[in-house]
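Novice: Shown below is the structure under consideration.
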Amino acid sequence: ERPKATVNVQPAGHVFIRERVTLTCEIESGDDWNYEWYKNNNLLRDAQRKKYEISNVDQTHAGDYTCKGTQSTGRIYTHTSAAVTLTVSAVKVKPTITSNPEGAALTGNTVTLYCKLHQSAGWTFYWSKHTQSSEKETITNVHTISSVRLSDGGQYQCRAGRGNPVYYTHYSDALWVNVTGAPVSALSLLSRLMAVSPYLLVSIVLGVKCYRARAGPDEENRT
């Protein structure tokens, strides 16, 4: 039985203008193959290697690609591979940034940012804040800010990139992350006062007692 050929495409079957695309013809057995590439069933005469690379893709490269191999003796040849469709978009994609929670976040809690991109695969994600010059990089579309502080508040944006050289999407619209301080309970406030100055707390307590003592006779005279 003749060997089978398979076409693999990187970074994905759906790409954007000016990306780099690599098509690879994988043959399951044997070596010393000569390769033939076809686009829409037409032989590509300039493509005779295992890899067919398109360094600066445009919409003229869109179509169905197949390959097959023959050995130098010409006696053995593979089946023609199944077709792989290459789709090329002219419009640069723009991701959407969202957060959880959506409203204000309390200090000490966790804020999770999501960079939503509904276009194929192979992306690395980049996160920026308006007060920082550098970007943070993640291999998923999730950026987590643990134990958030007031200084973490501000405007955030994201974008995605893939390939070498890197092809970048547009930046998302800016998302405002609002961080507020956690409410302080009465017990917590007293603890803080004790830590700062026990004498201040004693003075406040004595002042309250004096006020009540003076207010007592006044209330009796009114009645």
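Residue numbering restarts at 1 in every chain; chains get A, B, ... in the order shown in the structure tokens, and ligands count up from 1 in that same order.
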Write out as a ChimeraX atom specification all residues of region 10-220 of chain A that backbone DSSP assigns to alpha helix (DSSP H).
Specialist: /A:186-196,198-220
Novice: Could you save the residues just selected, with C-alpha atoms, as a JSON list (two decimals), in the first residue's frame?
Specialist:
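Writing done, so here's again_3.json:
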```json
[["chain", "number", "residue", "atom", "x", "y", "z"],
["A", 186, "ALA", "CA", -15.43, 49.30, 64.80],
["A", 187, "LEU", "CA", -13.42, 46.54, 66.45],
["A", 188, "SER", "CA", -10.70, 46.84, 63.84],
["A", 189, "LEU", "CA", -10.63, 50.61, 64.31],
["A", 190, "LEU", "CA", -10.21, 50.25, 68.09],
["A", 191, "SER", "CA", -7.41, 47.75, 67.55],
["A", 192, "ARG", "CA", -5.64, 50.20, 65.27],
["A", 193, "LEU", "CA", -6.05, 53.00, 67.81],
["A", 194, "MET", "CA", -4.60, 50.79, 70.55],
["A", 195, "ALA", "CA", -1.65, 49.97, 68.34],
["A", 196, "VAL", "CA", -0.98, 53.63, 67.56],
["A", 198, "PRO", "CA", -3.18, 53.46, 74.06],
["A", 199, "TYR", "CA", -3.25, 56.90, 75.72],
["A", 200, "LEU", "CA", -5.35, 58.29, 72.85],
["A", 201, "LEU", "CA", -7.91, 55.52, 73.30],
["A", 202, "VAL", "CA", -8.05, 56.09, 77.09],
["A", 203, "SER", "CA", -8.57, 59.81, 76.49],
["A", 204, "ILE", "CA", -11.47, 59.11, 74.12],
["A", 205, "VAL", "CA", -13.13, 56.76, 76.63],
["A", 206, "LEU", "CA", -12.74, 59.26, 79.49],
["A", 207, "GLY", "CA", -14.09, 62.03, 77.31],
["A", 208, "VAL", "CA", -17.19, 59.99, 76.50],
["A", 209, "LYS", "CA", -17.76, 59.23, 80.22],
["A", 210, "CYS", "CA", -17.42, 62.90, 81.16],
["A", 211, "TYR", "CA", -19.88, 63.89, 78.45],
["A", 212, "ARG", "CA", -22.42, 61.36, 79.71],
["A", 213, "ALA", "CA", -21.90, 62.47, 83.33],
["A", 214, "ARG", "CA", -22.55, 66.12, 82.42],
["A", 215, "ALA", "CA", -25.48, 65.26, 80.21],
["A", 216, "GLY", "CA", -27.17, 63.23, 82.97],
["A", 217, "PRO", "CA", -28.15, 66.16, 85.30],
["A", 218, "ASP", "CA", -29.23, 68.28, 82.33],
["A", 219, "GLU", "CA", -31.66, 65.56, 81.24],
["A", 220, "GLU", "CA", -33.10, 65.35, 84.81]]
```
Novice: Nearest to Tyr156 (chain A) among A:Leu175, A:Ala82, A:Cys67, A:Val111, with distances taken over only C-alpha atoms: which residue is it?
Specialist: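 Of the candidates, the smallest distance to Tyr156 (chain A) is held by A:Leu175.
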Novice: Counting only C-alpha atoms, what is within 8 Å of Arg149 (chain A), bar same-chain residues fewer than 3 positions away, as a ChimeraX atom specification?
Specialist: /A:107-108,152-153,179
Novice: Please produce a file of the residues just selected, as a JSON list (two decimals), in the first residue's frame, where the atoms kept are N, CA and C atoms.
Specialist:
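Below is the file that was written, out_18.json:
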```
[["chain", "number", "residue", "atom", "x", "y", "z"],
["A", 107, "THR", "N", -9.53, 45.76, 48.18],
["A", 107, "THR", "CA", -8.13, 45.44, 48.40],
["A", 107, "THR", "C", -8.00, 44.07, 49.07],
["A", 108, "GLY", "N", -7.02, 43.31, 48.64],
["A", 108, "GLY", "CA", -6.80, 41.98, 49.20],
["A", 108, "GLY", "C", -7.48, 40.87, 48.41],
["A", 152, "ASP", "N", -2.92, 48.95, 42.10],
["A", 152, "ASP", "CA", -3.24, 48.12, 40.94],
["A", 152, "ASP", "C", -4.40, 48.69, 40.12],
["A", 153, "GLY", "N", -5.09, 49.66, 40.68],
["A", 153, "GLY", "CA", -6.18, 50.28, 39.94],
["A", 153, "GLY", "C", -5.66, 51.07, 38.75],
["A", 179, "VAL", "N", -10.19, 49.88, 42.31],
["A", 179, "VAL", "CA", -9.87, 49.18, 43.55],
["A", 179, "VAL", "C", -10.19, 50.10, 44.71]]
```
Novice: Which residue, A:Ser172, A:Ser151, A:Thr24, A:Thr78, has the smallest gap to Leu117 (chain A) when you use only C-alpha atoms?
Specialist: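 The closest residue to Leu117 (chain A) is A:Ser172.
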Novice: For the structure I just gave you, how does DSSP split region 59-166 of chain A - specifically, which residues are strand (DSSP E or B)? Reply as a short mmCIF file (atom, residue, chain, number, x, y, z; two decimals) with all heavy atoms, in the first residue's frame.
Specialist:
```cif
data_model
loop_
_atom_site.label_atom_id
_atom_site.label_comp_id
_atom_site.auth_asym_id
_atom_site.auth_seq_id
_atom_site.Cartn_x
_atom_site.Cartn_y
_atom_site.Cartn_z
N GLY A 63 -6.57 29.42 -0.18
CA GLY A 63 -6.97 28.31 -1.05
C GLY A 63 -6.77 26.98 -0.37
O GLY A 63 -6.43 26.89 0.82
N ASP A 64 -6.95 25.89 -1.14
CA ASP A 64 -6.79 24.53 -0.64
C ASP A 64 -5.43 23.98 -1.06
O ASP A 64 -5.10 23.97 -2.26
CB ASP A 64 -7.90 23.63 -1.18
CG ASP A 64 -9.28 24.04 -0.66
OD1 ASP A 64 -9.35 24.59 0.46
OD2 ASP A 64 -10.28 23.80 -1.37
N TYR A 65 -4.65 23.50 -0.10
CA TYR A 65 -3.30 23.01 -0.35
C TYR A 65 -3.24 21.50 -0.12
O TYR A 65 -3.76 20.98 0.88
CB TYR A 65 -2.29 23.71 0.55
CG TYR A 65 -2.04 25.15 0.17
CD1 TYR A 65 -2.90 26.17 0.59
CD2 TYR A 65 -0.95 25.51 -0.62
CE1 TYR A 65 -2.68 27.49 0.22
CE2 TYR A 65 -0.72 26.83 -0.98
CZ TYR A 65 -1.59 27.81 -0.56
OH TYR A 65 -1.37 29.13 -0.92
N THR A 66 -2.57 20.80 -1.04
CA THR A 66 -2.29 19.37 -0.90
C THR A 66 -0.84 19.11 -1.27
O THR A 66 -0.17 19.96 -1.88
CB THR A 66 -3.20 18.53 -1.83
OG1 THR A 66 -3.01 18.96 -3.19
CG2 THR A 66 -4.67 18.66 -1.45
N CYS A 67 -0.35 17.93 -0.89
CA CYS A 67 1.00 17.55 -1.26
C CYS A 67 1.06 16.05 -1.51
O CYS A 67 0.17 15.29 -1.11
CB CYS A 67 2.00 17.95 -0.17
SG CYS A 67 1.94 16.90 1.31
N LYS A 68 2.12 15.61 -2.15
CA LYS A 68 2.42 14.19 -2.29
C LYS A 68 3.92 14.05 -2.49
O LYS A 68 4.63 15.03 -2.76
CB LYS A 68 1.65 13.57 -3.44
CG LYS A 68 2.06 14.03 -4.82
CD LYS A 68 1.23 13.28 -5.88
CE LYS A 68 1.65 13.68 -7.30
NZ LYS A 68 0.84 12.96 -8.32
N GLY A 69 4.41 12.83 -2.33
CA GLY A 69 5.84 12.60 -2.47
C GLY A 69 6.14 11.46 -3.42
O GLY A 69 5.37 10.51 -3.55
N THR A 70 7.28 11.56 -4.08
CA THR A 70 7.79 10.47 -4.91
C THR A 70 9.25 10.25 -4.55
O THR A 70 9.98 11.21 -4.24
CB THR A 70 7.68 10.79 -6.41
OG1 THR A 70 8.44 11.98 -6.68
CG2 THR A 70 6.23 11.00 -6.81
N GLN A 71 9.67 9.00 -4.57
CA GLN A 71 11.08 8.72 -4.31
C GLN A 71 11.89 8.91 -5.58
O GLN A 71 11.37 8.91 -6.69
CB GLN A 71 11.24 7.32 -3.73
CG GLN A 71 10.71 7.23 -2.30
CD GLN A 71 11.14 5.96 -1.59
OE1 GLN A 71 11.32 4.92 -2.22
NE2 GLN A 71 11.29 6.05 -0.27
N TYR A 77 5.42 6.27 -4.87
CA TYR A 77 4.83 7.58 -4.67
C TYR A 77 3.67 7.44 -3.68
O TYR A 77 3.06 6.39 -3.54
CB TYR A 77 4.35 8.20 -5.98
CG TYR A 77 3.39 7.35 -6.77
CD1 TYR A 77 2.02 7.53 -6.65
CD2 TYR A 77 3.86 6.35 -7.64
CE1 TYR A 77 1.13 6.75 -7.38
CE2 TYR A 77 2.98 5.57 -8.36
CZ TYR A 77 1.61 5.77 -8.23
OH TYR A 77 0.74 5.00 -8.93
N VAL A 84 -5.83 21.01 2.91
CA VAL A 84 -5.89 21.93 4.04
C VAL A 84 -6.23 23.31 3.50
O VAL A 84 -5.56 23.81 2.58
CB VAL A 84 -4.56 21.96 4.80
CG1 VAL A 84 -4.54 23.12 5.80
CG2 VAL A 84 -4.33 20.65 5.53
N THR A 85 -7.27 23.92 4.05
CA THR A 85 -7.72 25.23 3.57
C THR A 85 -7.01 26.35 4.33
O THR A 85 -7.02 26.36 5.56
CB THR A 85 -9.24 25.37 3.74
OG1 THR A 85 -9.90 24.34 2.99
CG2 THR A 85 -9.72 26.74 3.23
N LEU A 86 -6.42 27.25 3.58
CA LEU A 86 -5.78 28.43 4.16
C LEU A 86 -6.69 29.63 3.90
O LEU A 86 -6.98 29.97 2.75
CB LEU A 86 -4.41 28.66 3.54
CG LEU A 86 -3.60 29.84 4.12
CD1 LEU A 86 -3.24 29.56 5.57
CD2 LEU A 86 -2.34 30.07 3.31
N THR A 87 -7.16 30.25 4.99
CA THR A 87 -8.01 31.43 4.92
C THR A 87 -7.21 32.65 5.35
O THR A 87 -6.52 32.61 6.38
CB THR A 87 -9.24 31.28 5.82
OG1 THR A 87 -9.96 30.09 5.45
CG2 THR A 87 -10.17 32.47 5.70
N VAL A 88 -7.27 33.71 4.57
CA VAL A 88 -6.49 34.92 4.86
C VAL A 88 -7.45 36.10 5.04
O VAL A 88 -8.22 36.41 4.15
CB VAL A 88 -5.49 35.23 3.74
CG1 VAL A 88 -4.66 36.48 4.09
CG2 VAL A 88 -4.58 34.04 3.48
N SER A 89 -7.38 36.73 6.22
CA SER A 89 -8.23 37.89 6.51
C SER A 89 -7.45 39.18 6.31
O SER A 89 -6.29 39.28 6.70
CB SER A 89 -8.76 37.83 7.95
OG SER A 89 -9.64 36.73 8.11
N THR A 96 -11.08 41.78 22.91
CA THR A 96 -11.92 42.44 23.91
C THR A 96 -11.41 42.08 25.28
O THR A 96 -11.15 40.91 25.57
CB THR A 96 -13.39 42.01 23.77
OG1 THR A 96 -13.85 42.31 22.45
CG2 THR A 96 -14.26 42.73 24.79
N ILE A 97 -11.27 43.07 26.16
CA ILE A 97 -10.79 42.82 27.52
C ILE A 97 -11.95 42.96 28.50
O ILE A 97 -12.75 43.90 28.41
CB ILE A 97 -9.63 43.78 27.89
CG1 ILE A 97 -9.02 43.40 29.24
CG2 ILE A 97 -10.07 45.22 27.86
CD1 ILE A 97 -7.74 44.15 29.57
N THR A 98 -12.07 41.99 29.42
CA THR A 98 -13.09 42.00 30.46
C THR A 98 -12.43 41.66 31.79
O THR A 98 -11.28 41.21 31.83
CB THR A 98 -14.22 41.00 30.17
OG1 THR A 98 -13.66 39.67 30.09
CG2 THR A 98 -14.93 41.34 28.86
N SER A 99 -13.18 41.84 32.88
CA SER A 99 -12.63 41.56 34.21
C SER A 99 -13.65 40.83 35.07
O SER A 99 -14.86 40.90 34.83
CB SER A 99 -12.22 42.86 34.91
OG SER A 99 -13.35 43.65 35.22
N ASN A 100 -13.14 40.13 36.05
CA ASN A 100 -13.95 39.49 37.08
C ASN A 100 -13.30 39.76 38.43
O ASN A 100 -12.16 39.34 38.64
CB ASN A 100 -14.06 37.99 36.82
CG ASN A 100 -14.96 37.29 37.82
OD1 ASN A 100 -15.86 37.91 38.36
ND2 ASN A 100 -14.70 36.02 38.07
N ALA A 105 -13.26 46.34 42.95
CA ALA A 105 -12.66 45.24 43.69
C ALA A 105 -12.12 45.77 45.01
O ALA A 105 -11.56 46.86 45.08
CB ALA A 105 -11.53 44.60 42.88
N LEU A 106 -12.28 44.98 46.07
CA LEU A 106 -11.77 45.36 47.38
C LEU A 106 -10.30 44.96 47.50
O LEU A 106 -9.88 43.93 46.97
CB LEU A 106 -12.58 44.70 48.49
CG LEU A 106 -14.05 45.10 48.60
CD1 LEU A 106 -14.73 44.30 49.70
CD2 LEU A 106 -14.19 46.59 48.86
N VAL A 111 -8.35 39.90 41.24
CA VAL A 111 -8.96 40.41 40.02
C VAL A 111 -8.40 39.61 38.84
O VAL A 111 -7.19 39.44 38.73
CB VAL A 111 -8.68 41.91 39.82
CG1 VAL A 111 -9.19 42.38 38.46
CG2 VAL A 111 -9.31 42.73 40.93
N THR A 112 -9.30 39.10 38.00
CA THR A 112 -8.89 38.32 36.83
C THR A 112 -9.29 39.06 35.57
O THR A 112 -10.45 39.44 35.41
CB THR A 112 -9.53 36.93 36.85
OG1 THR A 112 -9.21 36.26 38.08
CG2 THR A 112 -9.01 36.09 35.69
N LEU A 113 -8.32 39.27 34.66
CA LEU A 113 -8.57 39.92 33.38
C LEU A 113 -8.58 38.87 32.28
O LEU A 113 -7.78 37.93 32.29
CB LEU A 113 -7.50 40.97 33.09
CG LEU A 113 -7.31 42.08 34.14
CD1 LEU A 113 -6.19 43.02 33.71
CD2 LEU A 113 -8.60 42.84 34.36
N TYR A 114 -9.48 39.04 31.31
CA TYR A 114 -9.61 38.11 30.19
C TYR A 114 -9.44 38.88 28.87
O TYR A 114 -10.05 39.95 28.70
CB TYR A 114 -10.97 37.41 30.19
CG TYR A 114 -11.24 36.61 31.43
CD1 TYR A 114 -11.89 37.19 32.52
CD2 TYR A 114 -10.85 35.27 31.52
CE1 TYR A 114 -12.14 36.45 33.67
CE2 TYR A 114 -11.10 34.53 32.67
CZ TYR A 114 -11.75 35.12 33.73
OH TYR A 114 -11.99 34.39 34.87
N CYS A 115 -8.62 38.35 27.97
CA CYS A 115 -8.42 38.93 26.65
C CYS A 115 -9.09 38.00 25.64
O CYS A 115 -8.55 36.94 25.31
CB CYS A 115 -6.94 39.09 26.35
SG CYS A 115 -6.57 40.11 24.90
N LYS A 116 -10.27 38.37 25.16
CA LYS A 116 -11.07 37.48 24.31
C LYS A 116 -10.75 37.73 22.84
O LYS A 116 -10.83 38.85 22.35
CB LYS A 116 -12.55 37.71 24.60
CG LYS A 116 -12.95 37.34 26.03
CD LYS A 116 -14.44 37.53 26.27
CE LYS A 116 -14.82 37.13 27.69
NZ LYS A 116 -16.28 37.32 27.95
N THR A 124 0.04 34.32 21.79
CA THR A 124 0.56 34.75 23.08
C THR A 124 -0.09 36.09 23.40
O THR A 124 -0.31 36.90 22.50
CB THR A 124 2.09 34.89 23.04
OG1 THR A 124 2.66 33.60 22.76
CG2 THR A 124 2.63 35.39 24.37
N PHE A 125 -0.38 36.32 24.69
CA PHE A 125 -1.14 37.52 25.06
C PHE A 125 -0.25 38.48 25.84
O PHE A 125 0.58 38.08 26.66
CB PHE A 125 -2.37 37.12 25.88
CG PHE A 125 -3.38 36.34 25.07
CD1 PHE A 125 -3.26 34.97 24.93
CD2 PHE A 125 -4.41 36.99 24.41
CE1 PHE A 125 -4.17 34.25 24.17
CE2 PHE A 125 -5.32 36.28 23.64
CZ PHE A 125 -5.19 34.90 23.52
N TYR A 126 -0.46 39.78 25.57
CA TYR A 126 0.34 40.84 26.17
C TYR A 126 -0.59 41.83 26.86
O TYR A 126 -1.60 42.26 26.30
CB TYR A 126 1.17 41.55 25.09
CG TYR A 126 2.07 40.61 24.32
CD1 TYR A 126 1.59 39.94 23.19
CD2 TYR A 126 3.38 40.40 24.72
CE1 TYR A 126 2.41 39.07 22.49
CE2 TYR A 126 4.21 39.53 24.01
CZ TYR A 126 3.71 38.87 22.90
OH TYR A 126 4.52 38.01 22.20
N TRP A 127 -0.20 42.20 28.11
CA TRP A 127 -1.03 43.04 28.96
C TRP A 127 -0.27 44.32 29.30
O TRP A 127 0.90 44.28 29.66
CB TRP A 127 -1.40 42.31 30.24
CG TRP A 127 -1.96 40.95 29.99
CD1 TRP A 127 -1.26 39.79 29.79
CD2 TRP A 127 -3.34 40.59 29.89
NE1 TRP A 127 -2.13 38.74 29.58
CE2 TRP A 127 -3.41 39.19 29.64
CE3 TRP A 127 -4.54 41.31 30.02
CZ2 TRP A 127 -4.61 38.51 29.50
CZ3 TRP A 127 -5.74 40.64 29.88
CH2 TRP A 127 -5.78 39.26 29.62
N SER A 128 -0.96 45.44 29.22
CA SER A 128 -0.31 46.71 29.53
C SER A 128 -1.22 47.55 30.44
O SER A 128 -2.45 47.44 30.39
CB SER A 128 0.01 47.50 28.25
OG SER A 128 -1.18 47.78 27.52
N LYS A 129 -0.56 48.37 31.26
CA LYS A 129 -1.26 49.31 32.14
C LYS A 129 -0.76 50.70 31.81
O LYS A 129 0.43 50.88 31.51
CB LYS A 129 -0.97 48.96 33.61
CG LYS A 129 -1.81 49.77 34.61
CD LYS A 129 -1.43 49.39 36.02
CE LYS A 129 -2.23 50.25 37.00
NZ LYS A 129 -1.55 50.39 38.29
N LYS A 136 3.24 42.73 30.22
CA LYS A 136 3.34 41.39 30.80
C LYS A 136 2.84 40.39 29.77
O LYS A 136 1.89 40.64 29.06
CB LYS A 136 2.53 41.30 32.09
CG LYS A 136 3.10 42.13 33.23
CD LYS A 136 2.34 41.92 34.52
CE LYS A 136 2.96 42.72 35.66
NZ LYS A 136 2.23 42.53 36.94
N GLU A 137 3.49 39.23 29.73
CA GLU A 137 3.21 38.23 28.70
C GLU A 137 2.64 36.96 29.33
O GLU A 137 3.14 36.49 30.36
CB GLU A 137 4.50 37.91 27.95
CG GLU A 137 4.38 36.87 26.87
CD GLU A 137 5.70 36.61 26.17
OE1 GLU A 137 6.48 37.58 26.01
OE2 GLU A 137 5.96 35.46 25.80
N THR A 138 1.58 36.41 28.74
CA THR A 138 1.01 35.15 29.20
C THR A 138 0.74 34.26 27.99
O THR A 138 0.47 34.74 26.89
CB THR A 138 -0.30 35.35 29.98
OG1 THR A 138 -1.29 35.96 29.14
CG2 THR A 138 -0.08 36.22 31.21
N VAL A 142 -5.60 34.80 30.05
CA VAL A 142 -6.00 35.16 31.41
C VAL A 142 -4.82 35.80 32.14
O VAL A 142 -3.69 35.29 32.09
CB VAL A 142 -6.48 33.92 32.20
CG1 VAL A 142 -6.87 34.31 33.62
CG2 VAL A 142 -7.65 33.26 31.48
N HIS A 143 -5.09 36.93 32.81
CA HIS A 143 -4.09 37.61 33.63
C HIS A 143 -4.69 37.83 35.01
O HIS A 143 -5.72 38.49 35.15
CB HIS A 143 -3.70 38.95 32.99
CG HIS A 143 -2.76 39.77 33.84
ND1 HIS A 143 -1.66 39.25 34.48
CD2 HIS A 143 -2.79 41.10 34.15
CE1 HIS A 143 -1.04 40.21 35.14
NE2 HIS A 143 -1.70 41.33 34.96
N THR A 144 -4.07 37.24 36.04
CA THR A 144 -4.60 37.28 37.40
C THR A 144 -3.77 38.22 38.26
O THR A 144 -2.54 38.14 38.29
CB THR A 144 -4.61 35.87 38.02
OG1 THR A 144 -5.40 35.00 37.21
CG2 THR A 144 -5.21 35.91 39.42
N ILE A 145 -4.47 39.11 38.97
CA ILE A 145 -3.83 40.00 39.94
C ILE A 145 -4.27 39.53 41.32
O ILE A 145 -5.41 39.74 41.73
CB ILE A 145 -4.23 41.47 39.72
CG1 ILE A 145 -4.00 41.89 38.27
CG2 ILE A 145 -3.46 42.38 40.67
CD1 ILE A 145 -4.54 43.26 37.93
N GLY A 154 -6.50 51.20 37.72
CA GLY A 154 -6.10 51.97 36.55
C GLY A 154 -6.64 51.37 35.27
O GLY A 154 -7.48 50.46 35.28
N GLN A 155 -6.14 51.84 34.14
CA GLN A 155 -6.58 51.39 32.82
C GLN A 155 -5.68 50.29 32.30
O GLN A 155 -4.46 50.41 32.30
CB GLN A 155 -6.58 52.57 31.84
CG GLN A 155 -7.68 53.59 32.09
CD GLN A 155 -7.71 54.67 31.03
OE1 GLN A 155 -6.71 54.91 30.37
NE2 GLN A 155 -8.85 55.30 30.84
N TYR A 156 -6.32 49.21 31.83
CA TYR A 156 -5.59 48.07 31.29
C TYR A 156 -6.02 47.82 29.83
O TYR A 156 -7.18 48.05 29.47
CB TYR A 156 -5.87 46.80 32.10
CG TYR A 156 -5.21 46.78 33.46
CD1 TYR A 156 -5.79 47.45 34.54
CD2 TYR A 156 -4.02 46.11 33.67
CE1 TYR A 156 -5.19 47.44 35.79
CE2 TYR A 156 -3.40 46.09 34.92
CZ TYR A 156 -4.00 46.75 35.98
OH TYR A 156 -3.40 46.74 37.20
N GLN A 157 -5.06 47.34 29.03
CA GLN A 157 -5.33 46.92 27.65
C GLN A 157 -4.62 45.60 27.39
O GLN A 157 -3.68 45.23 28.09
CB GLN A 157 -4.83 47.97 26.65
CG GLN A 157 -5.65 49.25 26.59
CD GLN A 157 -5.09 50.23 25.59
OE1 GLN A 157 -4.01 50.78 25.78
NE2 GLN A 157 -5.81 50.44 24.50
N CYS A 158 -5.08 44.90 26.36
CA CYS A 158 -4.40 43.67 25.97
C CYS A 158 -4.29 43.60 24.44
O CYS A 158 -5.03 44.28 23.72
CB CYS A 158 -5.13 42.43 26.51
SG CYS A 158 -6.70 42.06 25.68
N ARG A 159 -3.37 42.79 23.98
CA ARG A 159 -3.26 42.45 22.57
C ARG A 159 -2.67 41.05 22.48
O ARG A 159 -2.23 40.47 23.49
CB ARG A 159 -2.40 43.45 21.80
CG ARG A 159 -0.94 43.51 22.24
CD ARG A 159 -0.15 44.43 21.33
NE ARG A 159 1.24 44.58 21.78
CZ ARG A 159 2.19 45.15 21.06
NH1 ARG A 159 1.92 45.61 19.85
NH2 ARG A 159 3.43 45.26 21.53
N ALA A 160 -2.66 40.49 21.29
CA ALA A 160 -2.12 39.14 21.10
C ALA A 160 -1.12 39.15 19.96
O ALA A 160 -1.14 40.04 19.10
CB ALA A 160 -3.25 38.15 20.82
N GLY A 161 -0.22 38.17 19.97
CA GLY A 161 0.77 38.06 18.91
C GLY A 161 1.15 36.61 18.68
O GLY A 161 1.02 35.78 19.58
N ARG A 162 1.63 36.30 17.49
CA ARG A 162 2.10 34.95 17.18
C ARG A 162 3.05 35.01 16.00
O ARG A 162 3.07 35.98 15.23
CB ARG A 162 0.94 34.00 16.89
CG ARG A 162 0.18 34.31 15.62
CD ARG A 162 -1.00 33.37 15.44
NE ARG A 162 -1.71 33.64 14.19
CZ ARG A 162 -2.87 33.06 13.85
NH1 ARG A 162 -3.43 32.18 14.67
NH2 ARG A 162 -3.45 33.35 12.71
#
```
Novice: Calculated over only C-alpha atoms, which of the candidates A:Asn164, A:Gln48, A:Ser147, A:Arg20 has the smallest distance to Trp33 (chain A)?
Specialist: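 Checking each candidate against Trp33 (chain A), we get A:Gln48 as the closest.
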Novice: Counting only C-alpha atoms, which residue out of A:Asn109, A:Gln132, A:Thr169, A:Thr80 sits closest to Tyr38 (chain A)?
Specialist: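 Between A:Asn109, A:Gln132, A:Thr169, A:Thr80, the residue approaching Tyr38 (chain A) most closely is A:Thr80.
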Novice: Report as a list in words all protein, DNA and RNA residues lying within 9 Å of Lys51 (chain A), evaluated on only C-alpha atoms, omitting residues in the same chain fewer than 4 positions from it.
Specialist: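 My list of contacting residues is Thr22, Leu23, Thr24, Cys25, Tyr35 and Ala47 of chain A.
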Novice: List the spatial neighbours of Asp46 (chain A) as a PyMOL selection string - criterion: any atom at most 10 Å away, only C-alpha atoms, same-chain residues fewer than 3 positions off excluded.
Specialist: chain A and resi 36-37+43+49+52
Novice: Give me the residues near Arg18 (chain A) as a list in words, where near means some atom within 9 Å (using only C-alpha atoms) and where sequence neighbours in that chain fewer than 4 positions away do not count.
Specialist: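 What passes the distance filter is Ser55, Asn56, Val57, Asp58 and Tyr167 of chain A.
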Novice: Kindly give the distance, in Å, that separates CA of Gly163 (chain A) and CA of Thr140 (chain A), rounded to a single decimal.
Specialist: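 According to the coordinates, CA of Gly163 (chain A) and CA of Thr140 (chain A) are separated by 15.5 Å.
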Novice: From the set A:Val91, A:Leu44, A:Ile76, A:Ala121, which residue has the shortest atom-to-atom contact distance to Gln10 (chain A), counting only C-alpha atoms?
Specialist: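 Closest candidate: A:Ala121.
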